[in-house]
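Peer 1: As input, take run_12.cif (mmCIF, C-alpha atoms):
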data_target
loop_
_atom_site.label_atom_id
_atom_site.label_comp_id
_atom_site.auth_asym_id
_atom_site.auth_seq_id
_atom_site.Cartn_x
_atom_site.Cartn_y
_atom_site.Cartn_z
CA MET W 1 121.76 9.56 -28.42
CA ALA W 2 124.38 11.83 -26.89
CA VAL W 3 123.16 14.09 -24.14
CA THR W 4 124.56 17.22 -25.85
CA SER W 5 122.35 16.94 -28.91
CA VAL W 6 119.27 16.29 -26.76
CA LEU W 7 120.16 19.17 -24.46
CA GLU W 8 120.51 21.63 -27.32
CA ARG W 9 116.97 20.89 -28.46
CA LEU W 10 115.62 21.03 -24.90
CA LYS W 11 117.18 24.43 -24.35
CA GLU W 12 115.06 25.77 -27.19
CA ARG W 13 112.02 24.98 -25.06
CA ILE W 14 113.15 27.00 -22.04
CA GLY W 15 110.50 29.53 -21.10
CA VAL W 16 107.89 27.98 -23.36
CA GLU W 17 104.54 27.71 -21.55
CA ARG W 18 101.98 25.06 -22.24
CA PRO W 19 98.31 26.09 -22.53
CA ALA W 20 96.66 26.25 -19.09
CA VAL W 21 95.06 23.09 -17.72
CA ASN W 22 91.79 23.77 -15.89
CA ALA W 23 90.47 21.50 -13.17
CA THR W 24 87.83 21.72 -10.47
CA VAL W 25 88.70 20.48 -6.99
CA GLU W 26 86.19 17.67 -6.53
CA ALA W 27 85.28 16.23 -3.13
CA GLY W 28 85.53 12.64 -4.39
CA HIS W 29 88.96 13.19 -5.91
CA LEU W 30 90.20 14.81 -2.73
CA ARG W 31 88.91 11.89 -0.67
CA ARG W 32 90.50 9.30 -2.99
CA PHE W 33 93.79 11.19 -2.87
CA ALA W 34 93.79 11.36 0.94
CA GLU W 35 92.98 7.63 1.08
CA ALA W 36 95.79 6.87 -1.38
CA ILE W 37 98.40 8.71 0.68
CA GLY W 38 96.96 7.16 3.85
CA ASP W 39 96.27 10.46 5.60
CA PRO W 40 93.05 10.22 7.68
CA ASN W 41 92.97 13.91 8.68
CA PRO W 42 89.30 15.04 8.26
CA ARG W 43 90.60 18.43 7.17
CA TRP W 44 91.32 16.90 3.74
CA LEU W 45 87.62 16.28 3.10
CA ASN W 46 87.34 19.94 2.24
CA GLU W 47 90.86 21.26 1.77
CA ALA W 48 93.75 20.10 -0.42
CA PRO W 49 96.64 18.43 1.44
CA PRO W 50 100.14 19.80 0.63
CA THR W 51 100.90 17.70 -2.46
CA PHE W 52 97.38 17.44 -3.96
CA LEU W 53 98.06 20.05 -6.64
CA VAL W 54 100.06 17.52 -8.67
CA ALA W 55 96.91 15.39 -8.92
CA LEU W 56 94.91 18.30 -10.26
CA ALA W 57 97.13 19.16 -13.19
CA PRO W 58 100.33 17.64 -14.51
CA ALA W 59 103.31 19.55 -13.17
CA SER W 60 105.45 18.65 -16.16
CA TYR W 61 104.83 17.88 -19.79
CA HIS W 62 106.03 15.20 -22.12
CA VAL W 63 109.28 16.08 -23.85
CA PRO W 64 109.79 13.30 -26.39
CA GLU W 65 113.32 14.36 -27.32
CA ALA W 66 114.49 13.81 -23.73
CA GLU W 67 113.61 10.13 -24.08
CA GLU W 68 116.26 9.74 -26.79
CA PHE W 69 118.69 9.89 -23.86
CA GLY W 70 118.93 7.23 -21.14
CA LYS W 71 116.39 4.59 -20.29
CA GLY W 72 114.14 5.95 -17.60
CA TRP W 73 112.77 8.92 -15.68
CA LEU W 74 113.31 9.77 -12.04
CA ASN W 75 111.73 12.51 -10.00
CA GLY W 76 114.53 14.60 -8.51
CA GLY W 77 112.49 16.81 -6.24
CA ASN W 78 109.54 19.15 -5.79
CA ARG W 79 109.19 22.54 -4.19
CA PHE W 80 105.74 23.91 -3.34
CA GLU W 81 104.98 27.47 -2.36
CA TYR W 82 101.50 28.04 -0.90
CA LEU W 83 99.82 31.42 -1.13
CA GLU W 84 96.15 30.58 -0.49
CA PRO W 85 94.33 27.43 0.59
CA VAL W 86 92.78 25.26 -2.12
CA LYS W 87 89.28 24.02 -1.25
CA VAL W 88 86.56 21.82 -2.69
CA GLY W 89 84.80 23.63 -5.52
CA ASP W 90 87.77 25.79 -6.46
CA GLU W 91 88.44 26.00 -10.18
CA ILE W 92 92.16 25.87 -10.64
CA SER W 93 94.05 26.87 -13.74
CA ALA W 94 97.59 25.52 -13.97
CA THR W 95 100.24 26.76 -16.36
CA THR W 96 103.50 24.85 -16.76
CA LYS W 97 106.70 25.92 -18.43
CA LEU W 98 110.04 24.28 -18.93
CA ALA W 99 112.32 26.48 -16.82
CA ASP W 100 115.74 24.92 -17.31
CA ALA W 101 117.60 21.93 -18.72
CA TYR W 102 121.13 20.85 -17.93
CA GLU W 103 123.37 17.79 -17.58
CA LYS W 104 125.32 16.57 -14.58
CA SER W 105 127.86 13.81 -14.24
CA GLY W 106 127.51 11.50 -11.28
CA SER W 107 128.82 8.16 -10.11
CA SER W 108 126.29 6.37 -12.33
CA GLY W 109 127.14 8.38 -15.47
CA THR W 110 125.60 11.43 -17.06
CA LEU W 111 122.15 12.53 -15.99
CA LEU W 112 119.85 14.94 -17.77
CA PHE W 113 117.92 17.39 -15.58
CA ILE W 114 114.76 19.19 -16.68
CA ILE W 115 113.17 21.80 -14.42
CA PHE W 116 109.46 22.55 -14.74
CA GLU W 117 107.62 25.42 -13.09
CA THR W 118 103.86 25.48 -12.64
CA GLU W 119 101.66 28.31 -11.45
CA PHE W 120 98.21 27.56 -10.02
CA LYS W 121 95.49 30.23 -10.04
CA ASN W 122 91.94 29.97 -8.72
CA GLN W 123 88.60 31.14 -10.12
CA HIS W 124 89.18 34.62 -8.64
CA GLY W 125 92.44 34.96 -10.56
CA SER W 126 94.50 34.70 -7.36
CA MET W 127 97.75 32.77 -7.43
CA VAL W 128 97.26 29.95 -4.92
CA ALA W 129 100.51 28.04 -5.35
CA ARG W 130 103.68 27.61 -7.32
CA LEU W 131 105.48 24.35 -7.92
CA ARG W 132 109.00 23.68 -9.15
CA GLY W 133 109.84 20.12 -10.12
CA THR W 134 113.00 18.39 -11.26
CA ALA W 135 112.68 15.55 -13.76
CA ILE W 136 115.79 13.44 -14.28
CA ARG W 137 116.53 11.28 -17.27
CA ARG W 138 118.96 8.48 -16.45
CA MET U 1 103.37 27.91 22.62
CA SER U 2 107.04 28.13 21.93
CA PHE U 3 109.35 26.40 19.54
CA LYS U 4 113.09 26.21 19.64
CA VAL U 5 115.78 25.13 17.27
CA GLY U 6 116.58 21.45 17.65
CA ASP U 7 113.08 20.43 18.80
CA GLU U 8 111.97 17.25 17.10
CA ILE U 9 108.48 16.88 15.72
CA PRO U 10 106.52 13.64 16.32
CA GLU U 11 107.62 10.96 13.87
CA LEU U 12 105.30 9.21 11.45
CA VAL U 13 105.87 5.66 10.21
CA LYS U 14 104.11 4.67 7.01
CA HIS U 15 103.66 1.15 5.64
CA PRO U 16 103.42 1.45 1.86
CA THR U 17 102.21 -1.57 -0.13
CA THR U 18 102.05 -2.32 -3.85
CA ARG U 19 98.28 -1.86 -3.52
CA GLN U 20 98.88 1.66 -2.22
CA LEU U 21 101.15 2.43 -5.19
CA VAL U 22 98.32 1.47 -7.55
CA GLN U 23 95.87 3.52 -5.48
CA TYR U 24 98.24 6.49 -5.58
CA ALA U 25 98.90 6.11 -9.31
CA GLY U 26 95.16 6.42 -9.88
CA ALA U 27 94.61 9.28 -7.45
CA GLN U 28 97.49 11.34 -8.82
CA GLY U 29 97.11 10.24 -12.42
CA ASP U 30 100.74 9.11 -12.69
CA PHE U 31 100.73 5.88 -14.64
CA TYR U 32 104.47 5.47 -15.14
CA GLU U 33 104.87 1.67 -15.14
CA ILE U 34 107.82 1.60 -12.69
CA HIS U 35 105.26 2.02 -9.90
CA TYR U 36 103.07 -1.05 -10.60
CA ASP U 37 104.58 -3.28 -13.31
CA GLN U 38 107.37 -5.47 -11.84
CA ASP U 39 108.69 -6.66 -15.23
CA TYR U 40 108.81 -3.14 -16.61
CA ALA U 41 110.51 -1.80 -13.47
CA ARG U 42 113.22 -4.49 -13.73
CA SER U 43 113.67 -3.82 -17.46
CA VAL U 44 114.81 -0.28 -16.65
CA GLY U 45 117.29 -1.46 -14.05
CA LEU U 46 115.19 -1.12 -10.89
CA PRO U 47 114.90 -3.90 -8.28
CA GLY U 48 111.12 -3.97 -8.83
CA VAL U 49 108.32 -1.45 -8.45
CA ILE U 50 109.28 1.64 -6.44
CA LEU U 51 107.41 4.28 -4.49
CA HIS U 52 106.41 7.48 -6.30
CA GLY U 53 108.63 10.32 -5.13
CA LEU U 54 105.49 12.37 -4.67
CA LEU U 55 103.96 9.68 -2.45
CA LYS U 56 106.98 10.00 -0.17
CA ALA U 57 106.51 13.78 -0.36
CA ALA U 58 102.88 13.27 0.71
CA PHE U 59 104.09 11.23 3.72
CA LEU U 60 106.39 14.08 4.73
CA GLY U 61 103.57 16.54 4.11
CA GLN U 62 101.42 14.55 6.55
CA LEU U 63 104.28 14.59 9.05
CA VAL U 64 104.29 18.39 8.92
CA THR U 65 100.52 18.98 8.89
CA ASP U 66 99.94 16.43 11.71
CA TRP U 67 102.44 18.38 13.81
CA LEU U 68 101.23 21.82 12.75
CA GLY U 69 97.49 21.22 13.00
CA ASP U 70 95.60 24.52 13.00
CA ARG U 71 98.35 26.36 14.88
CA GLY U 72 99.74 27.90 11.73
CA ARG U 73 99.94 27.90 7.96
CA LEU U 74 102.28 25.97 5.68
CA LYS U 75 104.12 28.41 3.42
CA THR U 76 106.67 26.30 1.57
CA PHE U 77 107.37 22.60 1.34
CA GLU U 78 110.33 21.18 -0.50
CA VAL U 79 111.61 17.65 -1.01
CA SER U 80 114.54 16.02 -2.81
CA TYR U 81 114.53 12.36 -3.67
CA ARG U 82 117.91 10.82 -2.93
CA GLY U 83 117.16 7.15 -3.27
CA ILE U 84 114.53 4.66 -4.30
CA ASP U 85 112.19 2.84 -1.94
CA VAL U 86 110.28 -0.36 -2.43
CA PRO U 87 106.89 -1.32 -0.97
CA ASP U 88 106.33 -3.60 2.03
CA LYS U 89 108.99 -1.89 4.10
CA PRO U 90 108.24 0.69 6.78
CA TYR U 91 109.06 4.27 5.84
CA ARG U 92 109.97 6.40 8.83
CA CYS U 93 109.36 10.17 8.57
CA SER U 94 111.00 12.58 11.01
CA GLY U 95 111.69 16.25 11.39
CA LYS U 96 113.24 18.89 13.58
CA ILE U 97 113.07 22.63 13.89
CA THR U 98 116.05 24.38 12.31
CA LYS U 99 115.08 28.05 12.59
CA VAL U 100 112.68 30.21 14.57
CA ASP U 101 112.25 33.84 13.56
CA GLY U 102 109.23 35.42 15.23
CA ARG U 103 106.22 33.54 13.89
CA GLN U 104 108.26 31.96 11.07
CA VAL U 105 109.45 28.45 11.80
CA GLU U 106 111.59 26.26 9.55
CA VAL U 107 111.50 22.50 9.85
CA GLU U 108 113.91 20.02 8.32
CA VAL U 109 112.16 16.79 7.34
CA TRP U 110 113.37 13.44 6.08
CA GLY U 111 112.16 9.95 5.33
CA GLU U 112 114.31 6.90 5.89
CA ASP U 113 114.25 3.28 4.88
CA PRO U 114 114.74 0.42 7.38
CA ALA U 115 118.53 0.61 6.83
CA GLY U 116 118.45 4.22 8.03
CA GLN U 117 119.18 5.74 4.61
CA ARG U 118 117.56 9.15 4.21
CA THR U 119 116.05 8.58 0.79
CA THR U 120 113.93 11.73 0.90
CA VAL U 121 115.08 14.98 2.45
CA GLY U 122 113.37 18.32 2.57
CA SER U 123 112.15 21.28 4.51
CA ALA U 124 109.03 23.20 5.33
CA THR U 125 108.46 26.78 6.40
CA VAL U 126 105.39 27.62 8.44
CA GLU U 127 103.88 30.80 9.79
CA MET U 128 102.43 30.35 13.23
CA ALA U 129 99.12 32.03 14.04
CA SER U 130 99.61 35.00 16.31
#
What does this structure look like when you write it as structure tokens?
Peer 2:
Amino acid sequence: MAVTSVLERLKERIGVERPAVNATVEAGHLRRFAEAIGDPNPRWLNEAPPTFLVALAPASYHVPEAEEFGKGWLNGGNRFEYLEPVKVGDEISATTKLADAYEKSGSSGTLLFIIFETEFKNQHGSMVARLRGTAIRR
Amino acid sequence: MSFKVGDEIPELVKHPTTRQLVQYAGAQGDFYEIHYDQDYARSVGLPGVILHGLLKAAFLGQLVTDWLGDRGRLKTFEVSYRGIDVPDKPYRCSGKITKVDGRQVEVEVWGEDPAGQRTTVGSATVEMAS
């Protein structure tokens, strides 16, 4: 499928938010995450390490039409902004929207870029973090 | 304590394994097959299973938080993935200070493969405690 036709349909999704995903920061999950990244800092027994938010709620959502283009996904990058610490017991609500979609030509052919933005709020309604992620279809 | 532009932060060398990729897939909840299924990874043109970009981001996050400790607060953390990495090879994470403005400090960070390719590049901004 040509990238143009896929892109036109993706553009219709720009700004569309998915329903919030709610998740509690559990001590066991935090510990398993810290073990998986191999970071022994005892601070992470109680507090979320910098990238933990992606384990709490998906920072993108499935866009089936994008898979009509190319053969695989790549993660292009992530940008986190931290406003308040996230600790064990916090109840986080994450809302993700598709922020942009565009194509780029590179040495390996045309790539399709999809930008997702996620906002994370805690049980007090405070924004604790924002995340911007770039998904690439190749 | 004082920081100046050009100062390097202590490097961190990680030793990712296929086992760690499976562990990470479970902990993050990212079950894309390119991270644990060799046949699938090759079928989409990869040399075999590859590291999650976000696992490499976590390594660079550790680089920054190990250096920072409780001396300040991480405000932003940004990474771009420029190349793929495979398990069973050391992944070297480094950083240096690029800007100091009062209590605000910016750090450039990168991760490189054994050939010296910077396959992950990024930056962090921190606010030092007064």
Peer 1: Using all atoms listed in the file for the distances, tell me which of W:Pro49, W:Glu119, W:Asp100, W:Asn75 is nearest to Ile50 (chain U).
Peer 2: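 Ranking W:Pro49, W:Glu119, W:Asp100, W:Asn75 by distance to Ile50 (chain U), first place goes to W:Asn75.
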Peer 1: Could you tell me how far CA of Val86 (chain U) sits from CA of Gln38 (chain U), in Å to one decimal place?
Peer 2: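 These two atoms are separated by 11.1 Å.
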Peer 1: Need the shell around Leu74 (chain W): protein/DNA/RNA residues with any atom at most 7 Å away, counting all atoms listed in the file. Skip same-chain ones fewer than 3 positions apart. Format as a PyMOL selection string?
Peer 2: chain W and resi 135-137
Peer 1: Mind dumping a table of every chain U residue within 7 Å of chain W, with the nearest atom pair and its distance in Å to one decimal, using all atoms listed in the file, sorted by chain and rising number, as a tab-separated table?
Peer 2:
residue	atom	partner	partner_atom	distance
U:Gln20	CA	W:Ala36	CA	6.1
U:Gln23	CA	W:Ala36	CA	5.3
U:Tyr24	CA	W:Ala36	CA	4.9
U:Ala27	CA	W:Phe33	CA	5.0
U:Gln28	CA	W:Ala55	CA	4.1
U:Gly29	CA	W:Ala55	CA	6.2
U:Val44	CA	W:Lys71	CA	6.3
U:Gly53	CA	W:Asn75	CA	6.2
U:Leu55	CA	W:Ile37	CA	6.5
U:Ala58	CA	W:Thr51	CA	5.8
U:Phe59	CA	W:Ile37	CA	6.9
U:Gly61	CA	W:Pro50	CA	5.9
U:Gln62	CA	W:Asp39	CA	6.6
U:Leu74	CA	W:Tyr82	CA	6.9
U:Lys75	CA	W:Tyr82	CA	5.1
U:Thr76	CA	W:Glu81	CA	4.4
U:Phe77	CA	W:Phe80	CA	5.1
U:Glu78	CA	W:Arg79	CA	4.1
U:Val79	CA	W:Gly77	CA	5.4
U:Ser80	CA	W:Gly77	CA	4.1
U:Tyr81	CA	W:Gly76	CA	5.3
Peer 1: Which residues come within 12 Å of Asp70 (chain U), counting only C-alpha atoms, excluding same-chain residues fewer than 4 positions away, as number ranges by chain?
Peer 2: W: 41, 43; U: 64-66, 74, 126-130
Peer 1: Show me, as a list in words, the residues that have an atom within 8 Å of Thr24 (chain W) when counting only C-alpha atoms, minus same-chain residues fewer than 4 positions from it.
Peer 2: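 Near Thr24 (chain W), the qualifying residues are Leu56, Val88, Gly89, Asp90, Glu91 and Ile92 of chain W.
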Peer 1: Find the smallest box with edges along x, y and z containing every listed atom of region 17-30 of chain W, then add 4 Å on each side and report centre and edge lengths in Å to one decimal, as JSON.
Peer 2:
{"center_x": 94.9, "center_y": 20.2, "center_z": -12.6, "size_x": 27.3, "size_y": 23.1, "size_z": 27.8}
